[in-house]
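Source file: coords_17.csv; contents: CSV, C-alpha atoms and all ligand atoms.
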```
chain,number,residue,atom,x,y,z
A,1,MET,CA,-6.5,209.1,128.3
A,2,HIS,CA,-4.1,212.1,128.7
A,3,GLN,CA,-2.1,210.9,125.7
A,4,GLN,CA,-0.3,214.2,125.1
A,5,GLU,CA,0.8,214.4,128.8
A,6,ARG,CA,1.9,210.7,128.7
A,7,ASP,CA,4.0,211.4,125.6
A,8,GLU,CA,5.7,214.4,127.3
A,9,LEU,CA,6.5,212.3,130.4
A,10,ILE,CA,8.0,209.5,128.3
A,11,PHE,CA,10.1,212.1,126.5
A,12,ILE,CA,11.5,213.4,129.8
A,13,CYS,CA,12.3,209.9,131.0
A,14,LYS,CA,14.4,209.2,127.9
A,15,LEU,CA,16.1,212.6,128.2
A,16,LEU,CA,17.0,211.9,131.8
A,17,TYR,CA,18.5,208.5,130.7
A,18,ASP,CA,20.3,210.0,127.7
A,19,ARG,CA,21.9,212.7,130.0
A,20,GLY,CA,23.1,210.1,132.4
A,21,LEU,CA,20.8,211.3,135.2
A,22,LEU,CA,19.0,208.0,135.5
A,23,CYS,CA,20.5,204.6,135.9
A,24,GLY,CA,19.1,201.1,136.0
A,25,MET,CA,15.6,200.9,137.5
A,26,ASP,CA,16.3,204.1,139.6
A,27,GLY,CA,14.2,207.2,139.7
A,28,ASN,CA,10.7,208.2,139.0
A,29,VAL,CA,8.8,211.1,137.3
A,30,SER,CA,5.3,212.3,137.7
A,31,MET,CA,3.0,215.1,136.6
A,32,ARG,CA,-0.4,216.6,137.6
A,33,VAL,CA,-3.2,216.0,135.1
A,34,SER,CA,-6.8,217.4,135.3
A,35,ASP,CA,-8.2,214.5,137.3
A,36,GLY,CA,-5.1,213.5,139.3
A,37,PHE,CA,-1.6,212.4,138.4
A,38,LEU,CA,0.5,210.3,136.0
A,39,THR,CA,3.6,208.6,137.3
A,40,THR,CA,6.2,206.1,136.2
A,41,PRO,CA,5.6,202.4,137.1
A,42,SER,CA,7.4,200.6,139.9
A,43,GLY,CA,10.5,198.6,139.1
A,44,ARG,CA,11.0,199.5,135.4
A,45,ASN,CA,13.9,201.1,133.5
A,46,LYS,CA,12.6,204.5,132.5
A,47,TYR,CA,14.3,204.3,129.1
A,48,PHE,CA,12.2,201.3,128.0
A,49,ILE,CA,8.8,202.3,129.3
A,50,LYS,CA,6.0,203.2,126.9
A,51,SER,CA,3.2,205.7,127.4
A,52,ASP,CA,0.7,202.9,128.2
A,53,ASP,CA,3.0,201.8,131.1
A,54,LEU,CA,2.5,205.1,133.0
A,55,VAL,CA,0.1,204.8,135.9
A,56,HIS,CA,-2.9,207.1,136.3
A,57,LEU,CA,-3.7,208.1,139.9
A,58,ASN,CA,-6.6,210.0,141.3
A,59,LYS,CA,-6.3,213.3,143.2
A,60,GLN,CA,-5.8,211.3,146.4
A,61,GLY,CA,-2.8,209.6,144.8
A,62,ILE,CA,-4.5,206.2,144.5
A,63,SER,CA,-4.1,204.2,141.3
A,64,ILE,CA,-7.2,204.0,139.1
A,65,GLU,CA,-5.5,201.4,136.9
A,66,TYR,CA,-5.7,198.4,139.1
A,67,ASN,CA,-3.4,196.2,136.9
A,68,LYS,CA,-0.5,198.7,137.2
A,69,LYS,CA,1.8,199.4,140.1
A,70,PRO,CA,2.9,203.1,140.5
A,71,SER,CA,6.3,204.0,141.6
A,72,SER,CA,6.9,203.2,145.3
A,73,GLU,CA,8.2,206.7,145.8
A,74,PHE,CA,4.9,208.4,144.8
A,75,GLU,CA,4.2,209.3,148.4
A,76,MET,CA,7.3,211.6,148.3
A,77,HIS,CA,5.9,213.2,145.1
A,78,LYS,CA,2.5,213.6,146.7
A,79,LYS,CA,4.0,215.4,149.7
A,80,VAL,CA,5.4,218.0,147.2
A,81,TYR,CA,2.1,218.3,145.3
A,82,ASP,CA,0.2,218.8,148.6
A,83,MET,CA,2.5,221.5,149.9
A,84,ARG,CA,3.1,223.3,146.6
A,85,CYS,CA,0.1,224.1,144.4
A,86,ASP,CA,2.4,225.8,141.9
A,87,VAL,CA,4.2,222.5,141.2
A,88,ASN,CA,2.9,220.4,138.3
A,89,ALA,CA,5.8,218.0,137.6
A,90,ILE,CA,8.4,216.2,139.7
A,91,VAL,CA,11.7,214.4,138.8
A,92,HIS,CA,13.5,212.1,141.2
A,93,CYS,CA,16.8,210.4,140.4
A,94,HIS,CA,20.3,209.5,141.6
A,95,PRO,CA,22.7,211.6,139.4
A,96,VAL,CA,26.3,210.8,140.2
A,97,TYR,CA,27.6,214.2,141.5
A,98,SER,CA,24.4,215.3,143.2
A,99,THR,CA,24.3,211.9,145.0
A,100,PHE,CA,27.9,212.3,146.0
A,101,PHE,CA,26.9,215.5,147.9
A,102,ALA,CA,23.8,213.8,149.2
A,103,SER,CA,26.1,211.0,150.6
A,104,SER,CA,29.0,213.0,151.9
A,105,LYS,CA,29.9,215.6,154.6
A,106,TYR,CA,29.9,218.3,151.9
A,107,GLU,CA,27.1,220.7,151.3
A,108,LEU,CA,26.0,222.0,147.9
A,109,ASP,CA,25.5,225.6,149.0
A,110,ILE,CA,28.4,227.9,148.1
A,111,CYS,CA,28.1,231.1,146.0
A,112,LEU,CA,30.1,229.7,143.0
A,113,LEU,CA,28.3,230.1,139.7
A,114,THR,CA,26.5,233.4,138.8
A,115,GLU,CA,23.4,231.7,137.3
A,116,ALA,CA,23.2,229.3,140.1
A,117,VAL,CA,23.2,232.2,142.6
A,118,VAL,CA,20.3,233.8,140.7
A,119,ALA,CA,18.2,230.7,139.9
A,120,GLN,CA,19.2,227.9,142.2
A,121,GLY,CA,20.6,229.1,145.5
A,122,ALA,CA,21.7,226.6,148.2
A,123,ILE,CA,20.4,223.1,148.0
A,124,PRO,CA,19.1,221.7,151.3
A,125,LYS,CA,19.8,218.1,152.3
A,126,ALA,CA,16.9,216.0,153.8
A,127,LYS,CA,18.0,213.6,156.5
A,128,LEU,CA,18.5,209.9,155.8
A,129,ALA,CA,15.2,208.0,155.3
A,130,ILE,CA,14.2,204.6,154.1
A,131,PRO,CA,13.1,204.7,150.4
A,132,SER,CA,9.5,203.7,149.6
A,133,THR,CA,8.3,204.5,153.2
A,134,SER,CA,6.5,207.5,154.7
A,135,GLU,CA,9.9,208.4,156.2
A,136,ILE,CA,11.1,209.8,153.0
A,137,ALA,CA,8.1,212.1,152.5
A,138,ASN,CA,8.5,213.3,156.0
A,139,SER,CA,12.2,213.9,155.5
A,140,ILE,CA,11.7,216.4,152.7
A,141,ALA,CA,8.8,218.2,154.3
A,142,PRO,CA,10.9,220.9,156.1
A,143,PHE,CA,12.3,222.1,152.7
A,144,VAL,CA,9.6,221.7,150.1
A,145,ASP,CA,8.3,225.3,150.5
A,146,LYS,CA,11.8,226.7,150.6
A,147,ALA,CA,13.5,225.3,147.5
A,148,ASP,CA,12.7,223.6,144.2
A,149,ALA,CA,15.5,221.0,144.6
A,150,ILE,CA,16.4,218.8,147.6
A,151,LEU,CA,19.2,216.4,148.2
A,152,LEU,CA,18.1,213.1,149.8
A,153,ALA,CA,20.8,211.9,152.2
A,154,ASN,CA,22.6,208.8,151.0
A,155,HIS,CA,20.1,208.4,148.2
A,156,GLY,CA,19.7,211.1,145.4
A,157,ALA,CA,17.8,214.2,144.6
A,158,ILE,CA,14.3,215.5,143.8
A,159,THR,CA,13.4,218.6,141.7
A,160,TYR,CA,10.1,220.1,140.8
A,161,GLY,CA,8.5,222.9,138.9
A,162,LYS,CA,5.5,224.3,137.1
A,163,ASN,CA,5.9,221.7,134.2
A,164,LEU,CA,8.0,218.8,133.2
A,165,GLU,CA,10.5,220.9,131.3
A,166,VAL,CA,11.2,223.0,134.4
A,167,ALA,CA,11.4,220.0,136.7
A,168,TYR,CA,13.8,218.3,134.3
A,169,SER,CA,16.0,221.4,133.8
A,170,LYS,CA,16.3,221.9,137.6
A,171,MET,CA,17.7,218.4,137.9
A,172,ASP,CA,20.1,218.9,134.9
A,173,SER,CA,21.3,222.2,136.5
A,174,LEU,CA,21.7,220.7,139.9
A,175,GLU,CA,23.9,218.0,138.5
A,176,HIS,CA,26.0,220.5,136.5
A,177,PHE,CA,26.5,222.6,139.7
A,178,ALA,CA,27.4,219.5,141.7
A,179,LYS,CA,29.9,218.4,139.2
A,180,ILE,CA,31.7,221.7,139.1
A,181,GLN,CA,31.8,222.0,142.9
A,182,TYR,CA,33.0,218.5,143.2
A,183,MET,CA,36.0,219.2,140.8
A,184,GLY,CA,37.2,221.9,143.2
A,185,LEU,CA,36.9,219.9,146.4
A,186,GLY,CA,40.4,218.3,146.4
A,187,ASP,CA,42.6,221.4,146.2
A,188,ASN,CA,40.5,224.2,147.6
A,189,SER,CA,40.7,226.0,144.2
A,190,LEU,CA,37.2,227.3,143.8
A,191,ASN,CA,36.8,231.1,143.7
A,192,THR,CA,33.5,232.0,145.3
A,193,ILE,CA,31.6,235.1,144.4
A,194,ASN,CA,32.1,238.2,146.7
A,195,PRO,CA,29.1,239.2,148.8
A,196,GLU,CA,28.5,242.5,146.9
A,197,THR,CA,28.1,240.6,143.6
A,198,VAL,CA,26.0,237.9,145.3
A,199,GLU,CA,23.6,240.6,146.5
A,200,LEU,CA,23.5,242.1,143.0
A,201,LEU,CA,22.8,238.7,141.4
A,202,GLU,CA,20.1,237.8,144.0
A,203,GLY,CA,18.4,241.1,143.1
A,204,MET,CA,18.1,239.9,139.5
A,205,ARG,CA,15.6,237.2,140.4
A,206,ASP,CA,12.5,239.4,139.9
A,207,GLY,CA,13.8,240.6,136.5
A,208,TYR,CA,14.0,237.0,135.3
A,209,GLY,CA,10.5,236.3,136.6
A,210,LEU,CA,11.8,233.8,139.2
A,211,THR,CA,9.1,233.7,141.8
A,212,THR,CA,9.6,230.3,143.3
A,213,PRO,CA,11.4,229.9,146.7
A,214,CYS,CA,15.2,229.8,146.8
A,215,ILE,CA,17.5,229.6,149.7
A,216,PRO,CA,20.3,232.2,149.4
A,217,CYS,CA,23.7,230.6,148.8
A,218,ASN,CA,26.1,230.3,151.7
A,219,GLN,CA,28.6,233.1,151.9
A,220,LYS,CA,30.6,231.8,154.8
A,221,THR,CA,34.3,231.8,154.0
A,222,ASP,CA,35.1,229.8,157.1
A,223,ARG,CA,33.6,226.6,155.9
A,224,SER,CA,33.0,223.8,158.3
A,225,ASP,CA,33.8,220.3,157.2
A,226,LYS,CA,30.9,218.9,159.3
A,227,SER,CA,27.5,218.4,157.7
A,228,LEU,CA,24.8,220.3,159.6
A,229,ASN,CA,22.1,218.2,161.2
A,230,GLU,CA,18.5,218.7,160.1
A,231,ASP,CA,17.7,221.2,163.0
A,232,GLU,CA,20.8,223.3,162.1
A,233,ILE,CA,19.9,223.3,158.4
A,234,VAL,CA,16.3,224.5,159.1
A,235,LYS,CA,17.7,227.2,161.5
A,236,GLN,CA,20.1,228.3,158.8
A,237,VAL,CA,17.4,228.3,156.2
A,238,LEU,CA,15.1,230.4,158.3
A,239,PHE,CA,18.0,232.8,159.3
A,240,ASN,CA,18.9,233.2,155.6
A,241,LEU,CA,15.3,233.8,154.6
A,242,SER,CA,14.6,236.4,157.4
A,243,ASN,CA,17.8,238.2,156.4
A,244,ARG,CA,16.7,238.3,152.8
A,245,ASN,CA,13.3,239.9,153.4
A,301,ZN,ZN,15.4,207.0,144.7
```
Can the structure in the file be given as structure tokens, please?
Amino acid sequence: MHQQERDELIFICKLLYDRGLLCGMDGNVSMRVSDGFLTTPSGRNKYFIKSDDLVHLNKQGISIEYNKKPSSEFEMHKKVYDMRCDVNAIVHCHPVYSTFFASSKYELDICLLTEAVVAQGAIPKAKLAIPSTSEIANSIAPFVDKADAILLANHGAITYGKNLEVAYSKMDSLEHFAKIQYMGLGDNSLNTINPETVELLEGMRDGYGLTTPCIPCNQKTDRSDKSLNEDEIVKQVLFNLSNRN
């Protein structure tokens, strides 16, 4: 059942692995189907799985294939599906540079790359939570309706979109952005984009048909070395959003 969707999901798993975005048994991928969800199985390397290994869940997120164990992180995926009816596919993995930002005092939020300002914005960071527990679903909840990509503190990242191609591309772009920002950390050599140009770039979102939520990039030049705590991030997100509208 759902053979075409299964084949697409397997293709995305191999692409993630080939791009170096997945490592070992890490990560999980899921998608909505007409009667529920398909997700990767628990404890398997995503490069080696076959379409028959994917687990079919009902709309409540409960496996209807009793001999297969879904990813232990599906509860985190379900939180996104419940909060965002426009999301049909989710990718979670631990790419090196994104995970560096998730695990350090640095934020991935500066106005650095023109296309990232338009399409990606600032990436919020969910607080530290224990994987495979409800904690992790709760940790991303403050940000799910404000961005399509979230860093998971000391863990990795999650991205989502209207289909698998979009969810995958957001992870690929997130890692690209993180790598470039990382390369400029040591010597303070990054040239951020001036506020007038940022405003112009953000105004291009409609023209590109970008309708999903996006937190404006951070234009502060006096950058603090301290990571914001969750309350401060939410306050900053809401402040940015209210200024935007
Ligand atoms: Zn993980």
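Using only C-alpha atoms and all ligand atoms for every distance, the candidate list A:Ala157, A:Leu108, A:Val96, A:Leu113 yields A:Ala157 as the residue closest to ligand ZN 301 (chain A).
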Excluding segment 69-78 of chain A and any residue of its chain fewer than 3 positions from it, enumerate the residues within 8 Å of it, using all atoms listed in the file, and give them as a list in words.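 Counting only the stated atoms, we get Asn28, Ser30, Thr39, Thr40, Pro41, Ser42, Gly43, Leu54, Val55, Gly61, Ser63, Tyr66, Tyr81, Asp82, Ile90, Pro131, Ser132, Thr133, Ser134, Ile136, Ala137, Asn138 and Ile140 of chain A.
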If I take atom CA of Leu190 of chain A and atom CA of Cys93 of chain A, how far is one from the other in Å, to one decimal? 26.7 Å
Taking only C-alpha atoms and all ligand atoms into account, report as a PyMOL selection string which residues have an atom no farther than 7 Å from an atom of ligand ZN 301 (chain A). chain A and resi 26-27+92-94+131+155-156
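If only C-alpha atoms are the atoms counted, then among A:Val198, A:Leu21, A:Leu210, A:Ile10 the closest residue to Leu112 of chain A is A:Val198.
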Residues near Gly20 of chain A, cut-off 12 Å, only C-alpha atoms, skip fewer than 2 positions along chain, as an MDAnalysis selection string: chainID A and resid 13:18 22:24 26:27 46:47 93:97 171:172 175:176
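When only C-alpha atoms are used to measure the gap to Ala119 of chain A, the shortest distance among A:Val166, A:Met31, A:Leu151, A:Leu185 belongs to A:Val166.
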Could you name the residues that touch Ala178 of chain A at 9 Å or less, counting all atoms listed in the file, but leaving out those on the same chain fewer than 4 positions away, as a list of chain:residue names?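 In the requested format, the answer is A:Val96, A:Tyr97, A:Ser98, A:Thr99, A:Phe100, A:Phe101, A:Leu108, A:Ser173, A:Leu174, A:Tyr182, A:Met183.
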Which residue out of A:Ile12, A:Cys111, A:Met1, A:Ala153 has the minimum interatomic distance to Phe177 of chain A when only C-alpha atoms are used?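 Closest residue, counting only C-alpha atoms: A:Cys111.
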Residue nearest Leu152 of chain A - candidates A:Lys179, A:Lys170, A:Glu107, A:Ala89, atoms counted: only C-alpha atoms: A:Glu107
Smallest atom-to-atom distance to Tyr106 of chain A: which of A:Ser189, A:Gln181, A:Ala167, A:Gly36, using all atoms listed in the file?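 Checking each candidate against Tyr106 of chain A, we get A:Gln181 as the closest.
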So how many Å separate atom CA of Asn163 of chain A and atom CA of Val87 of chain A, to one decimal?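 So the two atoms, atom CA of Asn163 of chain A and atom CA of Val87 of chain A, lie 7.2 Å apart.
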Two-atom distance - atom CA of Asp35 of chain A, atom CA of Lys50 of chain A (Å): 20.9 Å
What's the 12 Å shell around His2 of chain A, counting all atoms listed in the file, without same-chain residues fewer than 2 positions away, as a PyMOL selection string? chain A and resi 4-9+31-38+51-52+54-57
